[in-house]
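J.: CSV, N, CA and C atoms, saved as query_26.csv, coming up:
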chain,number,residue,atom,x,y,z
A,45,MET,N,4.2,-0.4,-3.8
A,45,MET,CA,2.8,-0.9,-3.9
A,45,MET,C,1.9,0.2,-3.3
A,46,GLY,N,0.9,0.5,-4.1
A,46,GLY,CA,0.0,1.6,-3.6
A,46,GLY,C,-1.1,1.1,-2.8
A,47,ILE,N,-2.0,2.0,-2.4
A,47,ILE,CA,-3.2,1.6,-1.6
A,47,ILE,C,-4.1,0.8,-2.5
A,48,GLY,N,-4.3,1.0,-3.7
A,48,GLY,CA,-5.2,0.3,-4.6
A,48,GLY,C,-4.8,-1.2,-4.7
A,49,VAL,N,-3.5,-1.4,-4.9
A,49,VAL,CA,-2.9,-2.7,-5.1
A,49,VAL,C,-3.1,-3.5,-3.7
A,50,SER,N,-2.8,-2.8,-2.6
A,50,SER,CA,-3.0,-3.4,-1.3
A,50,SER,C,-4.4,-3.9,-1.0
A,51,VAL,N,-5.3,-3.0,-1.4
A,51,VAL,CA,-6.8,-3.4,-1.2
A,51,VAL,C,-7.1,-4.6,-2.1
A,52,PHE,N,-6.6,-4.6,-3.3
A,52,PHE,CA,-6.9,-5.7,-4.2
A,52,PHE,C,-6.3,-7.0,-3.7
A,53,LEU,N,-5.1,-7.0,-3.1
A,53,LEU,CA,-4.5,-8.2,-2.5
A,53,LEU,C,-5.3,-8.6,-1.4
A,54,LEU,N,-5.8,-7.7,-0.5
A,54,LEU,CA,-6.6,-8.1,0.6
A,54,LEU,C,-7.9,-8.8,0.1
A,55,ALA,N,-8.5,-8.2,-0.9
A,55,ALA,CA,-9.8,-8.8,-1.4
A,55,ALA,C,-9.6,-10.2,-2.1
A,56,VAL,N,-8.6,-10.3,-2.9
A,56,VAL,CA,-8.3,-11.6,-3.5
A,56,VAL,C,-7.9,-12.6,-2.5
A,57,GLY,N,-7.1,-12.2,-1.5
A,57,GLY,CA,-6.7,-13.1,-0.4
A,57,GLY,C,-7.9,-13.6,0.4
A,58,GLY,N,-8.8,-12.7,0.7
A,58,GLY,CA,-10.0,-13.0,1.4
A,58,GLY,C,-10.9,-14.0,0.7
A,59,ILE,N,-11.0,-13.8,-0.6
A,59,ILE,CA,-11.8,-14.7,-1.4
A,59,ILE,C,-11.1,-16.1,-1.5
A,60,LEU,N,-9.8,-16.1,-1.7
A,60,LEU,CA,-9.2,-17.4,-1.7
A,60,LEU,C,-9.2,-18.1,-0.3
A,61,ALA,N,-9.1,-17.4,0.7
A,61,ALA,CA,-9.0,-18.0,2.1
A,61,ALA,C,-10.3,-18.4,2.6
A,62,PHE,N,-11.4,-17.7,2.3
A,62,PHE,CA,-12.7,-17.9,2.9
A,62,PHE,C,-13.8,-18.4,2.0
A,63,ALA,N,-13.7,-18.2,0.7
A,63,ALA,CA,-14.8,-18.5,-0.2
A,63,ALA,C,-14.5,-19.6,-1.2
A,64,VAL,N,-13.3,-19.9,-1.5
A,64,VAL,CA,-13.0,-20.9,-2.5
A,64,VAL,C,-12.9,-22.3,-1.8
A,65,THR,N,-13.7,-23.2,-2.3
A,65,THR,CA,-13.6,-24.6,-1.7
A,65,THR,C,-13.0,-25.6,-2.7
A,66,ASP,N,-12.6,-25.2,-3.9
A,66,ASP,CA,-12.0,-26.1,-4.8
A,66,ASP,C,-10.6,-26.5,-4.3
A,67,ARG,N,-10.2,-27.6,-4.9
A,67,ARG,CA,-8.8,-28.2,-4.5
A,67,ARG,C,-8.0,-28.1,-5.8
A,68,VAL,N,-6.7,-27.7,-5.6
A,68,VAL,CA,-5.7,-27.7,-6.6
A,68,VAL,C,-4.6,-28.6,-6.2
A,69,SER,N,-4.2,-29.5,-7.0
A,69,SER,CA,-3.1,-30.4,-6.7
A,69,SER,C,-1.8,-29.7,-6.4
A,70,GLY,N,-1.3,-29.9,-5.1
A,70,GLY,CA,-0.1,-29.3,-4.7
A,70,GLY,C,-0.1,-27.9,-4.2
A,71,VAL,N,-1.3,-27.3,-4.2
A,71,VAL,CA,-1.4,-25.9,-3.8
A,71,VAL,C,-2.6,-25.8,-2.8
A,72,ASP,N,-2.3,-25.3,-1.6
A,72,ASP,CA,-3.3,-25.0,-0.6
A,72,ASP,C,-3.8,-23.6,-0.8
A,73,LEU,N,-5.0,-23.4,-1.4
A,73,LEU,CA,-5.5,-22.1,-1.7
A,73,LEU,C,-5.8,-21.3,-0.4
A,74,THR,N,-6.1,-21.9,0.7
A,74,THR,CA,-6.3,-21.2,1.9
A,74,THR,C,-5.1,-20.5,2.4
A,75,VAL,N,-3.9,-21.2,2.3
A,75,VAL,CA,-2.7,-20.6,2.7
A,75,VAL,C,-2.3,-19.5,1.7
A,76,VAL,N,-2.5,-19.7,0.5
A,76,VAL,CA,-2.2,-18.7,-0.5
A,76,VAL,C,-3.0,-17.4,-0.2
A,77,GLY,N,-4.3,-17.6,0.2
A,77,GLY,CA,-5.1,-16.5,0.6
A,77,GLY,C,-4.6,-15.8,1.8
A,78,TYR,N,-4.2,-16.5,2.8
A,78,TYR,CA,-3.7,-15.9,4.0
A,78,TYR,C,-2.4,-15.1,3.7
A,79,VAL,N,-1.5,-15.6,2.8
A,79,VAL,CA,-0.3,-14.9,2.4
A,79,VAL,C,-0.6,-13.6,1.7
A,80,LEU,N,-1.6,-13.7,0.8
A,80,LEU,CA,-2.0,-12.5,0.1
A,80,LEU,C,-2.6,-11.4,1.0
A,81,ILE,N,-3.4,-11.9,2.0
A,81,ILE,CA,-3.9,-11.0,3.0
A,81,ILE,C,-2.8,-10.3,3.8
A,82,ALA,N,-1.8,-11.1,4.2
A,82,ALA,CA,-0.7,-10.5,4.9
A,82,ALA,C,0.1,-9.5,4.1
A,83,ALA,N,0.3,-9.9,2.8
A,83,ALA,CA,1.1,-8.9,1.9
A,83,ALA,C,0.3,-7.7,1.7
A,84,GLY,N,-1.1,-7.8,1.5
A,84,GLY,CA,-1.9,-6.6,1.4
A,84,GLY,C,-1.9,-5.7,2.6
A,85,ALA,N,-2.0,-6.3,3.8
A,85,ALA,CA,-2.0,-5.6,5.0
A,85,ALA,C,-0.7,-4.8,5.2
A,86,ILE,N,0.4,-5.5,5.0
A,86,ILE,CA,1.7,-4.9,5.1
A,86,ILE,C,1.9,-3.7,4.1
A,87,GLY,N,1.5,-4.0,2.9
A,87,GLY,CA,1.6,-3.0,1.8
A,87,GLY,C,0.7,-1.8,2.1
A,88,LEU,N,-0.5,-2.0,2.7
A,88,LEU,CA,-1.4,-0.9,3.0
A,88,LEU,C,-0.8,-0.1,4.1
A,89,GLY,N,-0.2,-0.8,5.1
A,89,GLY,CA,0.4,0.0,6.2
A,89,GLY,C,1.6,0.9,5.7
A,90,VAL,N,2.4,0.3,4.9
A,90,VAL,CA,3.5,1.1,4.3
A,90,VAL,C,3.0,2.2,3.5
A,91,ALA,N,2.0,2.0,2.6
A,91,ALA,CA,1.5,3.0,1.8
A,91,ALA,C,0.9,4.2,2.6
A,92,LEU,N,0.1,3.8,3.6
A,92,LEU,CA,-0.4,4.9,4.5
A,92,LEU,C,0.6,5.6,5.3
A,93,MET,N,1.7,4.9,5.7
A,93,MET,CA,2.8,5.6,6.4
A,93,MET,C,3.4,6.6,5.5
A,94,PHE,N,3.7,6.2,4.2
A,94,PHE,CA,4.4,7.2,3.3
A,94,PHE,C,3.4,8.3,2.9
A,95,ALA,N,2.1,8.0,2.8
A,95,ALA,CA,1.2,9.1,2.5
A,95,ALA,C,1.1,10.1,3.6
A,96,ASN,N,1.1,9.6,4.9
A,96,ASN,CA,1.1,10.5,6.0
A,96,ASN,C,2.3,11.3,6.2
A,97,GLN,N,3.5,10.7,5.9
A,97,GLN,CA,4.7,11.4,5.9
A,97,GLN,C,4.8,12.5,4.9
A,98,ARG,N,4.3,12.2,3.7
A,98,ARG,CA,4.3,13.2,2.6
A,98,ARG,C,3.4,14.3,2.9
A,99,ARG,N,2.3,14.1,3.7
A,99,ARG,CA,1.4,15.1,4.0
A,99,ARG,C,2.0,16.1,5.0
A,100,ARG,N,2.8,15.6,5.9
A,100,ARG,CA,3.4,16.4,7.0
A,100,ARG,C,4.6,17.2,6.6
A,101,THR,N,5.2,16.9,5.4
A,101,THR,CA,6.4,17.6,5.0
A,101,THR,C,6.0,19.0,4.7
A,102,ALA,N,6.8,19.9,5.3
A,102,ALA,CA,6.6,21.4,5.0
A,102,ALA,C,7.5,21.8,3.9
A,103,HIS,N,7.0,22.5,3.0
A,103,HIS,CA,7.8,23.1,1.9
A,103,HIS,C,7.9,24.6,2.1
A,104,THR,N,9.1,25.1,2.1
A,104,THR,CA,9.4,26.5,2.4
A,104,THR,C,9.9,27.1,1.1
A,105,VAL,N,9.4,28.2,0.7
A,105,VAL,CA,9.8,28.9,-0.5
A,105,VAL,C,10.7,30.1,0.0
A,106,VAL,N,11.9,30.1,-0.5
A,106,VAL,CA,12.8,31.1,-0.1
A,106,VAL,C,13.0,32.0,-1.3
A,107,GLN,N,12.7,33.3,-1.1
A,107,GLN,CA,12.9,34.3,-2.2
A,107,GLN,C,14.0,35.2,-1.8
A,108,GLU,N,14.8,35.5,-2.8
A,108,GLU,CA,16.0,36.3,-2.6
A,108,GLU,C,15.6,37.7,-3.1
A,109,ARG,N,15.9,38.7,-2.2
A,109,ARG,CA,15.5,40.1,-2.5
A,109,ARG,C,16.8,40.7,-3.1
A,110,ARG,N,16.5,41.4,-4.2
A,110,ARG,CA,17.6,42.1,-4.9
A,110,ARG,C,17.3,43.5,-5.0
A,111,ASP,N,18.2,44.4,-4.6
A,111,ASP,CA,18.1,45.8,-4.7
A,111,ASP,C,18.8,46.3,-6.0
A,112,PHE,N,18.1,47.0,-6.8
A,112,PHE,CA,18.7,47.4,-8.1
A,112,PHE,C,19.0,48.9,-8.0
A,113,ASP,N,19.1,49.4,-6.8
A,113,ASP,CA,19.4,50.8,-6.6
A,113,ASP,C,20.9,51.0,-6.4
A,114,GLU,N,21.7,50.1,-6.7
A,114,GLU,CA,23.1,50.2,-6.4
A,114,GLU,C,23.8,51.1,-7.3
Any chance you could give the structure as structure tokens?
T.:
Amino acid sequence: MGIGVSVFLLAVGGILAFAVTDRVSGVDLTVVGYVLIAAGAIGLGVALMFANQRRRTAHTVVQERRDFDE
């Protein structure tokens, strides 16, 4: 899950948790919103951790020297 999907889950979860007042039979939309907020926050943390780890990785280019004067 990338950063964009995580932000989307946070936004949809916030809307469901704080802005929607409708009732659906058998589903508590506030709880669904909180679950989506939690999933988005965890996904955002993991995505940022991997992005930070990828940025710190050093890539070394090793070139082999060949002498053709043999």
J.: Pick from A:Gly89, A:Gly84, A:Gly46, A:Gly77: nearest to Gly58 (chain A), with only C-alpha atoms counted?
T.: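 Ranking A:Gly89, A:Gly84, A:Gly46, A:Gly77 by distance to Gly58 (chain A), first place goes to A:Gly77.
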J.: Pick the closest to Val90 (chain A) from A:Arg110, A:Ala61, A:Thr74, A:Met45: which is it, counting all atoms listed in the file?
T.: A:Met45
J.: So which residues of chain A fall under alpha helix (DSSP H) by DSSP, listed as a short mmCIF file (atom, residue, chain, number, x, y, z; two decimals) with N, CA and C atoms, in the coordinates of the input?
T.:
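Ended up saving to selection_11.cif:
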data_model
loop_
_atom_site.label_atom_id
_atom_site.label_comp_id
_atom_site.auth_asym_id
_atom_site.auth_seq_id
_atom_site.Cartn_x
_atom_site.Cartn_y
_atom_site.Cartn_z
N ILE A 47 -2.00 2.00 -2.40
CA ILE A 47 -3.20 1.60 -1.60
C ILE A 47 -4.10 0.80 -2.50
N GLY A 48 -4.30 1.00 -3.70
CA GLY A 48 -5.20 0.30 -4.60
C GLY A 48 -4.80 -1.20 -4.70
N VAL A 49 -3.50 -1.40 -4.90
CA VAL A 49 -2.90 -2.70 -5.10
C VAL A 49 -3.10 -3.50 -3.70
N SER A 50 -2.80 -2.80 -2.60
CA SER A 50 -3.00 -3.40 -1.30
C SER A 50 -4.40 -3.90 -1.00
N VAL A 51 -5.30 -3.00 -1.40
CA VAL A 51 -6.80 -3.40 -1.20
C VAL A 51 -7.10 -4.60 -2.10
N PHE A 52 -6.60 -4.60 -3.30
CA PHE A 52 -6.90 -5.70 -4.20
C PHE A 52 -6.30 -7.00 -3.70
N LEU A 53 -5.10 -7.00 -3.10
CA LEU A 53 -4.50 -8.20 -2.50
C LEU A 53 -5.30 -8.60 -1.40
N LEU A 54 -5.80 -7.70 -0.50
CA LEU A 54 -6.60 -8.10 0.60
C LEU A 54 -7.90 -8.80 0.10
N ALA A 55 -8.50 -8.20 -0.90
CA ALA A 55 -9.80 -8.80 -1.40
C ALA A 55 -9.60 -10.20 -2.10
N VAL A 56 -8.60 -10.30 -2.90
CA VAL A 56 -8.30 -11.60 -3.50
C VAL A 56 -7.90 -12.60 -2.50
N GLY A 57 -7.10 -12.20 -1.50
CA GLY A 57 -6.70 -13.10 -0.40
C GLY A 57 -7.90 -13.60 0.40
N GLY A 58 -8.80 -12.70 0.70
CA GLY A 58 -10.00 -13.00 1.40
C GLY A 58 -10.90 -14.00 0.70
N ILE A 59 -11.00 -13.80 -0.60
CA ILE A 59 -11.80 -14.70 -1.40
C ILE A 59 -11.10 -16.10 -1.50
N LEU A 60 -9.80 -16.10 -1.70
CA LEU A 60 -9.20 -17.40 -1.70
C LEU A 60 -9.20 -18.10 -0.30
N ALA A 61 -9.10 -17.40 0.70
CA ALA A 61 -9.00 -18.00 2.10
C ALA A 61 -10.30 -18.40 2.60
N PHE A 62 -11.40 -17.70 2.30
CA PHE A 62 -12.70 -17.90 2.90
C PHE A 62 -13.80 -18.40 2.00
N LEU A 73 -5.00 -23.40 -1.40
CA LEU A 73 -5.50 -22.10 -1.70
C LEU A 73 -5.80 -21.30 -0.40
N THR A 74 -6.10 -21.90 0.70
CA THR A 74 -6.30 -21.20 1.90
C THR A 74 -5.10 -20.50 2.40
N VAL A 75 -3.90 -21.20 2.30
CA VAL A 75 -2.70 -20.60 2.70
C VAL A 75 -2.30 -19.50 1.70
N VAL A 76 -2.50 -19.70 0.50
CA VAL A 76 -2.20 -18.70 -0.50
C VAL A 76 -3.00 -17.40 -0.20
N GLY A 77 -4.30 -17.60 0.20
CA GLY A 77 -5.10 -16.50 0.60
C GLY A 77 -4.60 -15.80 1.80
N TYR A 78 -4.20 -16.50 2.80
CA TYR A 78 -3.70 -15.90 4.00
C TYR A 78 -2.40 -15.10 3.70
N VAL A 79 -1.50 -15.60 2.80
CA VAL A 79 -0.30 -14.90 2.40
C VAL A 79 -0.60 -13.60 1.70
N LEU A 80 -1.60 -13.70 0.80
CA LEU A 80 -2.00 -12.50 0.10
C LEU A 80 -2.60 -11.40 1.00
N ILE A 81 -3.40 -11.90 2.00
CA ILE A 81 -3.90 -11.00 3.00
C ILE A 81 -2.80 -10.30 3.80
N ALA A 82 -1.80 -11.10 4.20
CA ALA A 82 -0.70 -10.50 4.90
C ALA A 82 0.10 -9.50 4.10
N ALA A 83 0.30 -9.90 2.80
CA ALA A 83 1.10 -8.90 1.90
C ALA A 83 0.30 -7.70 1.70
N GLY A 84 -1.10 -7.80 1.50
CA GLY A 84 -1.90 -6.60 1.40
C GLY A 84 -1.90 -5.70 2.60
N ALA A 85 -2.00 -6.30 3.80
CA ALA A 85 -2.00 -5.60 5.00
C ALA A 85 -0.70 -4.80 5.20
N ILE A 86 0.40 -5.50 5.00
CA ILE A 86 1.70 -4.90 5.10
C ILE A 86 1.90 -3.70 4.10
N GLY A 87 1.50 -4.00 2.90
CA GLY A 87 1.60 -3.00 1.80
C GLY A 87 0.70 -1.80 2.10
N LEU A 88 -0.50 -2.00 2.70
CA LEU A 88 -1.40 -0.90 3.00
C LEU A 88 -0.80 -0.10 4.10
N GLY A 89 -0.20 -0.80 5.10
CA GLY A 89 0.40 0.00 6.20
C GLY A 89 1.60 0.90 5.70
N VAL A 90 2.40 0.30 4.90
CA VAL A 90 3.50 1.10 4.30
C VAL A 90 3.00 2.20 3.50
N ALA A 91 2.00 2.00 2.60
CA ALA A 91 1.50 3.00 1.80
C ALA A 91 0.90 4.20 2.60
N LEU A 92 0.10 3.80 3.60
CA LEU A 92 -0.40 4.90 4.50
C LEU A 92 0.60 5.60 5.30
N MET A 93 1.70 4.90 5.70
CA MET A 93 2.80 5.60 6.40
C MET A 93 3.40 6.60 5.50
N PHE A 94 3.70 6.20 4.20
CA PHE A 94 4.40 7.20 3.30
C PHE A 94 3.40 8.30 2.90
N ALA A 95 2.10 8.00 2.80
CA ALA A 95 1.20 9.10 2.50
C ALA A 95 1.10 10.10 3.60
N ASN A 96 1.10 9.60 4.90
CA ASN A 96 1.10 10.50 6.00
C ASN A 96 2.30 11.30 6.20
N GLN A 97 3.50 10.70 5.90
CA GLN A 97 4.70 11.40 5.90
C GLN A 97 4.80 12.50 4.90
N ARG A 98 4.30 12.20 3.70
CA ARG A 98 4.30 13.20 2.60
C ARG A 98 3.40 14.30 2.90
N ARG A 99 2.30 14.10 3.70
CA ARG A 99 1.40 15.10 4.00
C ARG A 99 2.00 16.10 5.00
N ARG A 100 2.80 15.60 5.90
CA ARG A 100 3.40 16.40 7.00
C ARG A 100 4.60 17.20 6.60
#
J.: With only C-alpha atoms as the atoms that count, which of A:Val75, A:Leu53, A:Ile47, A:Ile59 lies nearest to Phe94 (chain A)?
T.: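 Using only C-alpha atoms, Phe94 (chain A) sits closest to A:Ile47.
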J.: When you draw a straight line from CA of Val51 (chain A) to CA of Ala95 (chain A), how long is it in Å?
T.: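 Between CA of Val51 (chain A) and CA of Ala95 (chain A) the gap works out to 15.3 Å.
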J.: Between atom C of Leu54 (chain A) and CA of Leu80 (chain A), measure the distance and give it in Å to one decimal.
T.: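 That distance, rounded to one decimal, is 7.0 Å.
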J.: What's the separation between CA of Phe52 (chain A) and atom C of Ile86 (chain A), in Å to one decimal place?
T.: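 If I compute the distance from CA of Phe52 (chain A) to atom C of Ile86 (chain A), I get 12.3 Å.
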J.: Pick out the closest residue to Ala55 (chain A) from this set: A:Asn96, A:Gly70, A:Ile81, A:Leu88. Count all atoms listed in the file.
T.: A:Ile81
J.: Choose the residue, out of A:Ser69, A:Gln97, A:Glu108, A:Val76, that has the smallest atom-to-atom separation from Gly57 (chain A); count only N, CA and C atoms.
T.: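 Of A:Ser69, A:Gln97, A:Glu108, A:Val76, the one nearest Gly57 (chain A), counting only N, CA and C atoms, is A:Val76.
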